[in-house]
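Enquirer: Input file: query_2.csv. Contents: CSV, C-alpha atoms.
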```csv
chain,number,residue,atom,x,y,z
U,28,MET,CA,-2.5,-33.2,10.4
U,29,THR,CA,0.1,-34.3,7.9
U,30,GLU,CA,3.5,-35.5,9.0
U,31,ASP,CA,5.3,-33.3,11.5
U,32,ARG,CA,7.6,-30.7,9.9
U,33,ALA,CA,10.1,-30.7,12.7
U,34,ASP,CA,12.6,-33.6,12.8
U,35,THR,CA,12.3,-35.7,15.9
U,36,SER,CA,14.5,-38.5,17.4
U,37,LEU,CA,15.1,-40.1,20.7
U,38,ASP,CA,18.1,-39.4,23.1
U,39,ALA,CA,19.9,-42.0,25.1
U,40,ASP,CA,17.1,-41.9,27.8
U,41,GLY,CA,14.3,-42.4,25.3
U,42,LYS,CA,13.2,-38.8,25.4
U,43,VAL,CA,11.9,-37.1,22.3
U,44,LEU,CA,14.3,-34.7,20.7
U,45,VAL,CA,12.8,-31.9,18.5
U,46,ALA,CA,14.9,-30.0,16.1
U,47,PRO,CA,14.7,-26.3,16.5
U,48,GLY,CA,12.5,-24.5,14.0
U,49,LYS,CA,10.7,-21.2,13.8
U,50,VAL,CA,8.2,-19.9,16.3
U,51,ALA,CA,5.9,-16.9,15.7
U,52,ILE,CA,5.0,-15.2,18.9
U,53,ILE,CA,2.0,-12.9,18.6
U,54,GLY,CA,1.9,-10.3,21.3
U,55,ALA,CA,5.2,-8.8,22.6
U,56,GLY,CA,4.2,-8.1,26.2
U,57,LEU,CA,5.6,-9.8,29.3
U,58,ILE,CA,4.4,-13.3,28.4
U,59,GLY,CA,5.3,-13.0,24.7
U,60,ARG,CA,8.8,-11.8,25.5
U,61,ALA,CA,9.3,-14.6,27.9
U,62,TRP,CA,8.3,-17.1,25.2
U,63,ALA,CA,10.8,-15.5,22.9
U,64,MET,CA,13.6,-16.0,25.4
U,65,ILE,CA,12.5,-19.6,26.0
U,66,PHE,CA,12.5,-20.6,22.4
U,67,ALA,CA,15.6,-18.6,21.4
U,68,ARG,CA,17.6,-20.1,24.4
U,69,ALA,CA,16.7,-23.5,23.0
U,70,GLY,CA,18.0,-22.7,19.5
U,71,TRP,CA,14.7,-21.6,17.8
U,72,GLU,CA,14.3,-18.6,15.6
U,73,ALA,CA,11.7,-16.5,17.5
U,74,VAL,CA,9.8,-13.9,15.6
U,75,LEU,CA,7.7,-11.4,17.6
U,76,TYR,CA,4.8,-9.4,16.4
U,77,ASP,CA,2.6,-6.9,18.2
U,78,THR,CA,0.1,-4.3,16.9
U,79,ASP,CA,1.7,-1.8,19.3
U,80,GLN,CA,4.7,-0.1,17.8
U,81,ALA,CA,6.2,0.7,21.2
U,82,ALA,CA,6.0,-3.0,22.2
U,83,ARG,CA,7.7,-4.0,19.0
U,84,ASP,CA,10.5,-1.4,19.6
U,85,ASP,CA,11.1,-2.4,23.2
U,86,ALA,CA,10.9,-6.2,22.8
U,87,PRO,CA,14.5,-7.0,21.6
U,88,GLY,CA,16.2,-5.0,24.3
U,89,LEU,CA,14.1,-6.3,27.0
U,90,CYS,CA,14.6,-9.9,25.8
U,91,ARG,CA,18.4,-9.2,25.7
U,92,GLN,CA,18.3,-8.0,29.3
U,93,GLY,CA,16.2,-11.0,30.4
U,94,LEU,CA,18.6,-13.5,28.7
U,95,ALA,CA,21.6,-11.9,30.4
U,96,ILE,CA,19.9,-12.3,33.8
U,97,LEU,CA,19.2,-16.0,33.0
U,98,ALA,CA,22.8,-16.4,32.0
U,99,GLY,CA,23.9,-14.9,35.4
U,100,HIS,CA,22.0,-17.8,37.1
U,101,GLY,CA,23.4,-20.5,34.8
U,102,LEU,CA,20.0,-20.8,32.9
U,103,CYS,CA,21.2,-19.7,29.5
U,104,ASP,CA,24.5,-20.9,28.0
U,105,ASP,CA,24.9,-18.2,25.3
U,106,PRO,CA,22.7,-15.2,25.8
U,107,ASP,CA,24.2,-13.3,22.9
U,108,SER,CA,23.4,-16.0,20.4
U,109,ALA,CA,20.0,-16.4,21.8
U,110,SER,CA,19.3,-12.7,21.5
U,111,ALA,CA,20.4,-12.8,17.9
U,112,ARG,CA,17.7,-15.4,17.2
U,113,ILE,CA,15.0,-13.0,18.2
U,114,ARG,CA,13.6,-10.6,15.7
U,115,VAL,CA,10.5,-8.4,15.3
U,116,ALA,CA,8.2,-8.7,12.3
U,117,ALA,CA,6.6,-5.8,10.6
U,118,ASP,CA,3.2,-7.5,10.2
U,119,LEU,CA,1.4,-10.7,11.1
U,120,LYS,CA,1.9,-12.3,7.7
U,121,ASP,CA,5.7,-11.9,8.0
U,122,ALA,CA,5.7,-13.3,11.6
U,123,VAL,CA,3.9,-16.5,10.8
U,124,ALA,CA,5.5,-17.3,7.4
U,125,GLY,CA,7.2,-20.6,7.6
U,126,ALA,CA,6.5,-21.0,11.3
U,127,ASP,CA,6.4,-24.5,12.9
U,128,HIS,CA,4.6,-23.2,15.9
U,129,VAL,CA,2.6,-20.1,16.7
U,130,GLN,CA,2.1,-18.9,20.3
U,131,GLU,CA,-0.6,-16.3,20.7
U,132,ASN,CA,-0.5,-13.9,23.6
U,133,GLY,CA,-3.2,-11.3,22.8
U,134,PRO,CA,-5.7,-9.7,25.2
U,135,GLU,CA,-7.7,-12.0,27.4
U,136,ARG,CA,-11.0,-11.3,25.6
U,137,LEU,CA,-12.9,-13.9,23.7
U,138,GLU,CA,-13.8,-11.6,20.8
U,139,VAL,CA,-10.2,-10.7,20.3
U,140,LYS,CA,-9.0,-14.3,20.3
U,141,THR,CA,-11.8,-15.4,18.0
U,142,ALA,CA,-10.8,-12.8,15.4
U,143,LEU,CA,-7.1,-13.3,15.8
U,144,PHE,CA,-7.3,-17.1,15.5
U,145,ALA,CA,-9.4,-16.7,12.3
U,146,GLU,CA,-6.6,-14.6,10.9
U,147,LEU,CA,-3.9,-16.9,12.0
U,148,ASP,CA,-5.7,-20.0,10.7
U,149,ALA,CA,-6.0,-18.3,7.3
U,150,LEU,CA,-2.3,-17.2,7.2
U,151,CYS,CA,-0.5,-20.3,8.6
U,152,GLY,CA,0.7,-23.3,6.7
U,153,PRO,CA,-1.2,-26.6,7.1
U,154,ASP,CA,1.3,-28.1,9.5
U,155,THR,CA,1.7,-25.1,11.8
U,156,VAL,CA,0.4,-25.7,15.3
U,157,ILE,CA,-1.4,-22.6,16.7
U,158,ALA,CA,-1.5,-22.3,20.5
U,159,SER,CA,-2.9,-19.7,22.8
U,160,SER,CA,-1.4,-18.6,26.1
U,161,THR,CA,-4.9,-17.8,27.5
U,162,SER,CA,-5.2,-18.1,31.2
U,163,ALA,CA,-8.9,-19.1,31.3
U,164,ILE,CA,-10.7,-19.1,27.9
U,165,GLN,CA,-11.3,-22.7,26.7
U,166,CYS,CA,-10.0,-23.5,23.3
U,167,SER,CA,-13.4,-24.6,21.9
U,168,LEU,CA,-14.8,-21.1,22.4
U,169,PHE,CA,-12.5,-19.4,19.9
U,170,THR,CA,-11.7,-22.2,17.4
U,171,GLU,CA,-15.1,-23.8,16.7
U,172,ASN,CA,-15.6,-22.2,13.2
U,173,LEU,CA,-12.1,-22.5,11.9
U,174,PRO,CA,-11.4,-24.5,8.8
U,175,HIS,CA,-8.2,-26.0,10.3
U,176,ARG,CA,-9.4,-26.1,13.9
U,177,ALA,CA,-7.8,-29.5,14.6
U,178,ARG,CA,-4.4,-27.9,14.8
U,179,CYS,CA,-5.4,-25.4,17.6
U,180,LEU,CA,-4.9,-25.7,21.3
U,181,VAL,CA,-4.3,-23.8,24.5
U,182,ALA,CA,-0.7,-23.8,25.8
U,183,HIS,CA,-1.2,-22.0,29.1
U,184,PRO,CA,2.1,-20.9,30.8
U,185,VAL,CA,2.6,-19.6,34.4
U,186,ASN,CA,4.0,-16.1,34.9
U,187,PRO,CA,6.9,-15.7,34.4
U,188,PRO,CA,7.2,-18.6,31.9
U,189,HIS,CA,10.9,-18.4,31.5
U,190,LEU,CA,11.4,-19.2,35.2
U,191,ILE,CA,8.3,-21.4,35.9
U,192,PRO,CA,8.3,-24.2,33.3
U,193,VAL,CA,4.9,-25.8,33.5
U,194,VAL,CA,2.7,-25.4,30.4
U,195,GLU,CA,-0.9,-26.7,30.4
U,196,LEU,CA,-1.9,-28.1,27.1
U,197,SER,CA,-5.7,-28.1,26.6
U,198,GLY,CA,-7.3,-28.9,23.3
U,199,ALA,CA,-10.9,-28.6,22.1
U,200,PRO,CA,-12.9,-31.8,21.4
U,201,TRP,CA,-11.8,-31.5,17.8
U,202,THR,CA,-8.1,-30.9,18.4
U,203,ASP,CA,-6.1,-33.7,16.8
U,204,PRO,CA,-4.4,-35.9,19.5
U,205,GLN,CA,-1.3,-35.8,17.4
U,206,VAL,CA,-1.2,-32.1,17.7
U,207,ILE,CA,-1.2,-32.4,21.5
U,208,ALA,CA,1.5,-35.0,21.3
U,209,LYS,CA,3.6,-32.8,19.0
U,210,ALA,CA,3.2,-29.8,21.2
U,211,ARG,CA,4.1,-31.8,24.3
U,212,ALA,CA,7.3,-33.1,22.7
U,213,MET,CA,8.2,-29.6,21.5
U,214,PHE,CA,7.6,-27.9,24.9
U,215,ALA,CA,9.6,-30.6,26.7
U,216,ALA,CA,12.5,-30.2,24.2
U,217,ILE,CA,12.8,-26.5,24.8
U,218,GLY,CA,13.0,-27.0,28.6
U,219,GLN,CA,9.4,-26.5,29.7
U,220,ALA,CA,7.3,-29.0,31.7
U,221,PRO,CA,4.1,-29.7,29.7
U,222,VAL,CA,1.1,-31.3,31.2
U,223,GLU,CA,-2.1,-32.4,29.4
U,224,VAL,CA,-5.6,-31.3,30.4
U,225,ARG,CA,-7.5,-34.3,29.1
U,226,ARG,CA,-10.9,-32.6,29.0
U,227,GLU,CA,-11.7,-28.9,28.8
U,228,VAL,CA,-12.4,-27.4,32.2
U,229,ASP,CA,-12.8,-23.8,33.3
U,230,GLY,CA,-9.5,-22.4,34.7
U,231,PHE,CA,-7.5,-25.5,33.5
U,232,ILE,CA,-5.6,-27.3,36.3
U,233,LEU,CA,-3.2,-24.9,38.0
U,234,ASN,CA,-5.7,-22.1,38.4
U,235,ARG,CA,-8.3,-24.5,39.9
U,236,LEU,CA,-5.7,-25.7,42.4
U,237,GLN,CA,-4.7,-22.2,43.2
U,238,ALA,CA,-8.4,-21.2,43.6
U,239,ALA,CA,-9.0,-23.9,46.1
U,240,LEU,CA,-6.1,-22.9,48.3
U,241,LEU,CA,-6.8,-19.1,47.9
U,242,THR,CA,-10.5,-19.6,48.8
U,243,GLU,CA,-9.6,-21.4,52.0
U,244,ALA,CA,-6.8,-18.9,52.8
U,245,PHE,CA,-9.3,-16.0,52.4
U,246,ARG,CA,-11.8,-17.8,54.7
U,247,LEU,CA,-9.2,-18.5,57.4
U,248,VAL,CA,-8.1,-14.9,57.5
U,249,ALA,CA,-11.7,-13.5,57.3
U,250,GLU,CA,-12.9,-15.6,60.2
U,251,GLY,CA,-10.0,-14.7,62.4
U,252,TYR,CA,-8.1,-17.9,62.5
U,253,VAL,CA,-4.8,-16.5,61.3
U,254,SER,CA,-3.2,-13.2,60.1
U,255,PRO,CA,-2.4,-12.7,56.4
U,256,GLN,CA,1.3,-12.6,57.3
U,257,ASP,CA,1.2,-15.9,59.1
U,258,LEU,CA,-0.9,-17.5,56.4
U,259,ASP,CA,1.7,-16.6,53.8
U,260,THR,CA,4.5,-17.9,56.1
U,261,THR,CA,2.6,-21.2,56.4
U,262,VAL,CA,2.7,-21.7,52.7
U,263,SER,CA,6.2,-20.2,51.9
U,264,GLN,CA,7.9,-21.9,54.8
U,265,GLY,CA,5.7,-25.0,55.0
U,266,LEU,CA,3.6,-26.4,52.1
U,267,GLY,CA,5.6,-24.5,49.5
U,268,LEU,CA,9.0,-26.1,50.4
U,269,ARG,CA,7.8,-29.6,49.7
U,270,TRP,CA,5.6,-28.6,46.7
U,271,SER,CA,8.6,-26.9,45.0
U,272,PHE,CA,9.9,-30.3,44.1
U,273,MET,CA,7.1,-32.8,44.9
U,274,GLY,CA,3.4,-32.7,43.9
U,275,PRO,CA,0.7,-33.2,46.5
U,276,PHE,CA,0.3,-36.9,45.7
U,277,GLU,CA,4.0,-37.5,46.0
U,278,THR,CA,4.0,-35.6,49.3
U,279,ILE,CA,1.3,-37.6,51.0
U,280,ASP,CA,2.9,-40.8,49.6
U,281,LEU,CA,5.9,-40.1,51.9
U,282,ASN,CA,3.8,-38.7,54.8
U,283,ALA,CA,2.5,-42.1,56.0
U,284,PRO,CA,4.5,-45.4,56.3
U,285,GLY,CA,2.2,-47.3,54.0
U,286,GLY,CA,2.0,-44.6,51.3
U,287,VAL,CA,-1.0,-43.0,49.8
U,288,ALA,CA,-3.5,-45.7,50.8
U,289,ASP,CA,-2.3,-45.5,54.4
U,290,TYR,CA,-2.4,-41.7,54.4
U,291,CYS,CA,-6.0,-41.7,53.1
U,292,ALA,CA,-7.0,-44.2,55.8
U,293,ARG,CA,-5.4,-42.1,58.6
U,294,TYR,CA,-6.5,-38.7,57.5
U,295,GLY,CA,-9.5,-39.3,55.3
U,296,PRO,CA,-12.1,-38.5,58.0
U,297,PHE,CA,-10.6,-35.0,58.5
U,298,PHE,CA,-10.5,-34.3,54.8
U,299,ALA,CA,-14.1,-35.4,54.5
U,300,ARG,CA,-15.2,-33.0,57.3
U,301,PHE,CA,-13.1,-30.2,55.6
U,302,ALA,CA,-14.7,-30.8,52.2
U,303,ALA,CA,-18.2,-30.5,53.7
U,304,SER,CA,-17.3,-27.2,55.3
U,305,GLN,CA,-15.5,-25.4,52.5
U,306,ALA,CA,-16.1,-21.7,51.9
U,307,GLY,CA,-18.4,-20.5,49.2
U,308,PRO,CA,-17.9,-17.7,46.7
U,309,GLU,CA,-18.9,-15.0,49.2
U,310,THR,CA,-15.4,-15.2,50.6
U,311,TRP,CA,-14.1,-13.4,47.4
U,312,ARG,CA,-16.8,-10.7,47.6
U,313,ASP,CA,-15.8,-9.2,51.0
U,314,PRO,CA,-14.3,-5.7,50.2
U,315,GLY,CA,-13.2,-5.3,53.8
U,316,LEU,CA,-11.1,-8.5,53.6
U,317,ALA,CA,-9.4,-7.3,50.3
U,318,THR,CA,-8.5,-4.0,52.0
U,319,ALA,CA,-7.1,-5.8,55.0
U,320,LEU,CA,-5.0,-8.1,52.8
U,321,ALA,CA,-3.7,-5.1,50.8
U,322,ALA,CA,-2.7,-3.3,54.1
U,323,ALA,CA,-1.0,-6.4,55.4
U,324,ALA,CA,1.0,-6.8,52.1
U,325,GLN,CA,2.0,-3.1,52.2
U,326,ALA,CA,3.1,-3.4,55.9
U,327,ARG,CA,5.6,-6.1,55.0
U,328,GLY,CA,6.9,-4.3,51.9
U,329,ARG,CA,5.6,-6.7,49.3
U,330,ALA,CA,2.8,-4.6,47.7
U,331,PRO,CA,2.1,-1.0,46.6
U,332,GLY,CA,-0.9,-0.6,48.9
U,333,ALA,CA,-3.8,1.8,48.1
U,334,THR,CA,-1.8,4.0,45.7
U,335,PRO,CA,-0.1,1.8,43.0
U,336,ASP,CA,3.6,2.7,42.4
U,337,PRO,CA,4.8,1.2,39.1
U,338,GLN,CA,8.5,1.6,40.1
U,339,ARG,CA,7.9,-0.3,43.4
U,340,HIS,CA,6.0,-3.0,41.5
U,341,ALA,CA,8.9,-3.3,39.0
U,342,ARG,CA,11.4,-3.7,41.9
U,343,LEU,CA,9.3,-6.3,43.6
U,344,SER,CA,8.8,-8.2,40.3
U,345,ALA,CA,12.6,-8.2,39.8
U,346,TRP,CA,13.1,-9.5,43.3
U,347,ARG,CA,10.6,-12.3,42.7
U,348,ASP,CA,12.2,-13.2,39.4
U,349,GLY,CA,15.6,-13.3,41.0
U,350,ARG,CA,14.4,-15.7,43.7
U,351,LEU,CA,12.7,-17.9,41.0
U,352,ALA,CA,15.9,-17.9,38.9
U,353,ALA,CA,17.9,-19.0,41.9
U,354,LEU,CA,15.4,-21.7,42.7
U,355,ALA,CA,15.3,-22.9,39.0
U,356,ALA,CA,19.1,-23.1,39.0
U,357,HIS,CA,19.0,-25.1,42.2
U,358,LYS,CA,16.4,-27.5,40.9
U,359,ALA,CA,18.3,-28.0,37.7
U,360,GLY,CA,21.1,-29.5,39.7
U,361,MET,CA,19.0,-31.6,42.0
U,362,SER,CA,19.0,-35.4,41.8
U,363,GLY,CA,15.7,-37.1,41.4
U,364,PRO,CA,14.3,-40.1,43.2
U,365,ASP,CA,15.3,-42.3,40.2
U,366,ASP,CA,18.9,-41.5,41.0
U,367,LEU,CA,18.7,-43.0,44.5
```
Written as structure tokens, that's how I'd like the structure from this file.
Expert:
Amino acid sequence: MTEDRADTSLDADGKVLVAPGKVAIIGAGLIGRAWAMIFARAGWEAVLYDTDQAARDDAPGLCRQGLAILAGHGLCDDPDSASARIRVAADLKDAVAGADHVQENGPERLEVKTALFAELDALCGPDTVIASSTSAIQCSLFTENLPHRARCLVAHPVNPPHLIPVVELSGAPWTDPQVIAKARAMFAAIGQAPVEVRREVDGFILNRLQAALLTEAFRLVAEGYVSPQDLDTTVSQGLGLRWSFMGPFETIDLNAPGGVADYCARYGPFFARFAASQAGPETWRDPGLATALAAAAQARGRAPGATPDPQRHARLSAWRDGRLAALAAHKAGMSGPDDL
């Protein structure tokens, strides 16, 4: 990589500041529109492109609505100006012309990403970072044969990205470390919370943590230890409250007088026994359990049940996003441990 195109400097706290530039967002679905709002809110020019004409037509209005909702929660200072920074390109070449960063949000299929990244690599300038929002496909699988593969990485967001800030940065073995550093500084500057996946791993970090909890949750329900409703309550009104502002290591550090080492000494034997008895993949293959979970979700009004209802799903998604926006606004005003 040559010298970064975006100007950087440090603020009073020593954090990297990245001057707004142009981002090309490929794919104008839910994730792509969220990225457009995130970048535009931070002062970037956000150019969307999608092969689907309807998606291109709908994107500006939906982004405008989303920015207005963010503003209602104090999460966007000037939604009108942010909306004005979002435009739709007529083709892929127009979208990426002069872009500092490309965020790809195409279908979750390896052959699609391989073909799309080959096209992006050929069209983009030499200093443009190209990132994929893929949820599970490792970067090395779709960048190996690219002439400029060193500037490619995965930047995996969490749905919805404009309300949940973590972004997992995962490069291939050939990704330039400076590209990871540049992407990390940029995502932090636009208000996201980037984390680095130091080596490629299936599912990255968040989904592996989620898989561990879900596998045990399925087992506890399947074996009759707890109802689906009470399992959800245990997380939403128990683990989730602490985890919404502290990670698991921070949590256990405060759960024993002597910190992490004391916690491990006290509870290590239990966790060792638990690790030896963890559920296997068969937990996910029980159709009866999936049916029971769907029925439980329908009973408490949080899922469409056996017959999907798009309008109900949209209402529930809006409810979830409203709660996440309120939580994000609350967290933005929280003091941290360094302020004590």
Enquirer: The residues within 8 Å of (2.1, -28.2, 29.8), using all atoms listed in the file and the coordinates of the file, should be reported as an MDAnalysis selection string; which are they?
Expert: chainID U and resid 182:184 193:196 211 214 219:223
Enquirer: Which one of U:Cys179, U:Met273, U:Ala216, U:Ala158 sits closest to U:Arg68 if you count all atoms listed in the file?
Expert: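 Ranked by minimum distance to U:Arg68, first place goes to U:Ala216.
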Enquirer: For atom CA of U:Ala355 and atom CA of U:Leu190, determine how far apart the two atoms are, in Å to one decimal place.
Expert: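 Between these atoms lies a distance of 6.6 Å.
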Enquirer: With only C-alpha atoms as the counted atoms, please give the residues lying no more than 7 Å from stretch 47-59 of chain U, apart from itself and same-chain residues fewer than 5 positions off, as a PyMOL selection string.
Expert: chain U and resi 33+70-77+82-83+86+122-123+126-133+187-188
Enquirer: Could you state the separation of atom CA of U:Ala69 and atom CA of U:Cys103 in Å, given to one decimal place?
Expert: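 Atom CA of U:Cys103 lies 8.8 Å from atom CA of U:Ala69.
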Enquirer: State, in Å with one decimal place, the distance from atom CA of U:Asp257 to atom CA of U:Ala244.
Expert: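 One can read the atom CA of U:Asp257 to atom CA of U:Ala244 distance as 10.6 Å.
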Enquirer: So that I can see what lies close to stretch 288-301 of chain U, please list as a PDB file with C-alpha atoms, in the frame of the given file the residues with an atom at most 7 Å from it, counting only C-alpha atoms and leaving out residues fewer than 5 positions away in the same chain.
Expert:
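Output file result.pdb follows:
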```pdb
ATOM      1  CA  ILE U 279       1.300 -37.600  51.000  1.00  0.00           C
ATOM      2  CA  ASN U 282       3.800 -38.700  54.800  1.00  0.00           C
ATOM      3  CA  ALA U 283       2.500 -42.100  56.000  1.00  0.00           C
TER       4      ALA U 283
END
```
Enquirer: At a cut-off of 12 Å, using all atoms listed in the file, what residues contact U:Glu171? Leave out same-chain residues fewer than 2 positions from it and give the result as a PDB file with C-alpha atoms, in the frame of the given file.
Expert:
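Saved the output as result.pdb:
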```
ATOM      1  CA  LYS U 140      -9.000 -14.300  20.300  1.00  0.00           C
ATOM      2  CA  THR U 141     -11.800 -15.400  18.000  1.00  0.00           C
ATOM      3  CA  ALA U 142     -10.800 -12.800  15.400  1.00  0.00           C
ATOM      4  CA  PHE U 144      -7.300 -17.100  15.500  1.00  0.00           C
ATOM      5  CA  ALA U 145      -9.400 -16.700  12.300  1.00  0.00           C
ATOM      6  CA  ASP U 148      -5.700 -20.000  10.700  1.00  0.00           C
ATOM      7  CA  GLN U 165     -11.300 -22.700  26.700  1.00  0.00           C
ATOM      8  CA  CYS U 166     -10.000 -23.500  23.300  1.00  0.00           C
ATOM      9  CA  SER U 167     -13.400 -24.600  21.900  1.00  0.00           C
ATOM     10  CA  LEU U 168     -14.800 -21.100  22.400  1.00  0.00           C
ATOM     11  CA  PHE U 169     -12.500 -19.400  19.900  1.00  0.00           C
ATOM     12  CA  LEU U 173     -12.100 -22.500  11.900  1.00  0.00           C
ATOM     13  CA  PRO U 174     -11.400 -24.500   8.800  1.00  0.00           C
ATOM     14  CA  HIS U 175      -8.200 -26.000  10.300  1.00  0.00           C
ATOM     15  CA  ARG U 176      -9.400 -26.100  13.900  1.00  0.00           C
ATOM     16  CA  ALA U 177      -7.800 -29.500  14.600  1.00  0.00           C
ATOM     17  CA  ARG U 178      -4.400 -27.900  14.800  1.00  0.00           C
ATOM     18  CA  CYS U 179      -5.400 -25.400  17.600  1.00  0.00           C
ATOM     19  CA  LEU U 180      -4.900 -25.700  21.300  1.00  0.00           C
ATOM     20  CA  GLY U 198      -7.300 -28.900  23.300  1.00  0.00           C
ATOM     21  CA  ALA U 199     -10.900 -28.600  22.100  1.00  0.00           C
ATOM     22  CA  PRO U 200     -12.900 -31.800  21.400  1.00  0.00           C
ATOM     23  CA  TRP U 201     -11.800 -31.500  17.800  1.00  0.00           C
ATOM     24  CA  THR U 202      -8.100 -30.900  18.400  1.00  0.00           C
TER      25      THR U 202
END
```
Enquirer: Using all atoms listed in the file, give me every residue within 9 Å of (9.6, -31.7, 22.5) in file coordinates, as a list in words.
Expert: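 Output of the proximity query reads Thr35, Lys42, Val43, Leu44, Val45, Ala46, Ala208, Lys209, Ala210, Arg211, Ala212, Met213, Phe214, Ala215, Ala216, Ile217, Gly218 and Gln219 of chain U.
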Enquirer: Using only C-alpha atoms, which residue out of U:Gly363, U:Gly349, U:Gly125, U:Pro284 lies closest to U:Leu150?
Expert: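 Result for the nearest residue to U:Leu150: U:Gly125.
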Enquirer: Find the spatial neighbours of U:Leu351, counting only C-alpha atoms, within a cut-off of 9 Å - ignore same-chain residues fewer than 5 positions away - and output them as a short mmCIF file (atom, residue, chain, number, x, y, z; two decimals) with C-alpha atoms, in the coordinates of the input.
Expert:
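Once written, out27.cif looks like this:
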```
data_model
loop_
_atom_site.label_atom_id
_atom_site.label_comp_id
_atom_site.auth_asym_id
_atom_site.auth_seq_id
_atom_site.Cartn_x
_atom_site.Cartn_y
_atom_site.Cartn_z
CA LEU U 190 11.40 -19.20 35.20
CA ILE U 191 8.30 -21.40 35.90
CA TRP U 346 13.10 -9.50 43.30
CA ALA U 356 19.10 -23.10 39.00
#
```
Enquirer: Ranking U:Pro192, U:Ala124, U:Val156, U:Ala239 by minimum distance to U:Ala359 and counting only C-alpha atoms, which one comes first?
Expert: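 Of the candidates, the smallest distance to U:Ala359 is held by U:Pro192.
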Enquirer: Taking all atoms listed in the file into account, name the residue in U:Cys151, U:Ile164, U:Ala321, U:Ile157 that is nearest to U:Glu138.
Expert: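 That would be U:Ile164, the residue with the smallest distance to U:Glu138.
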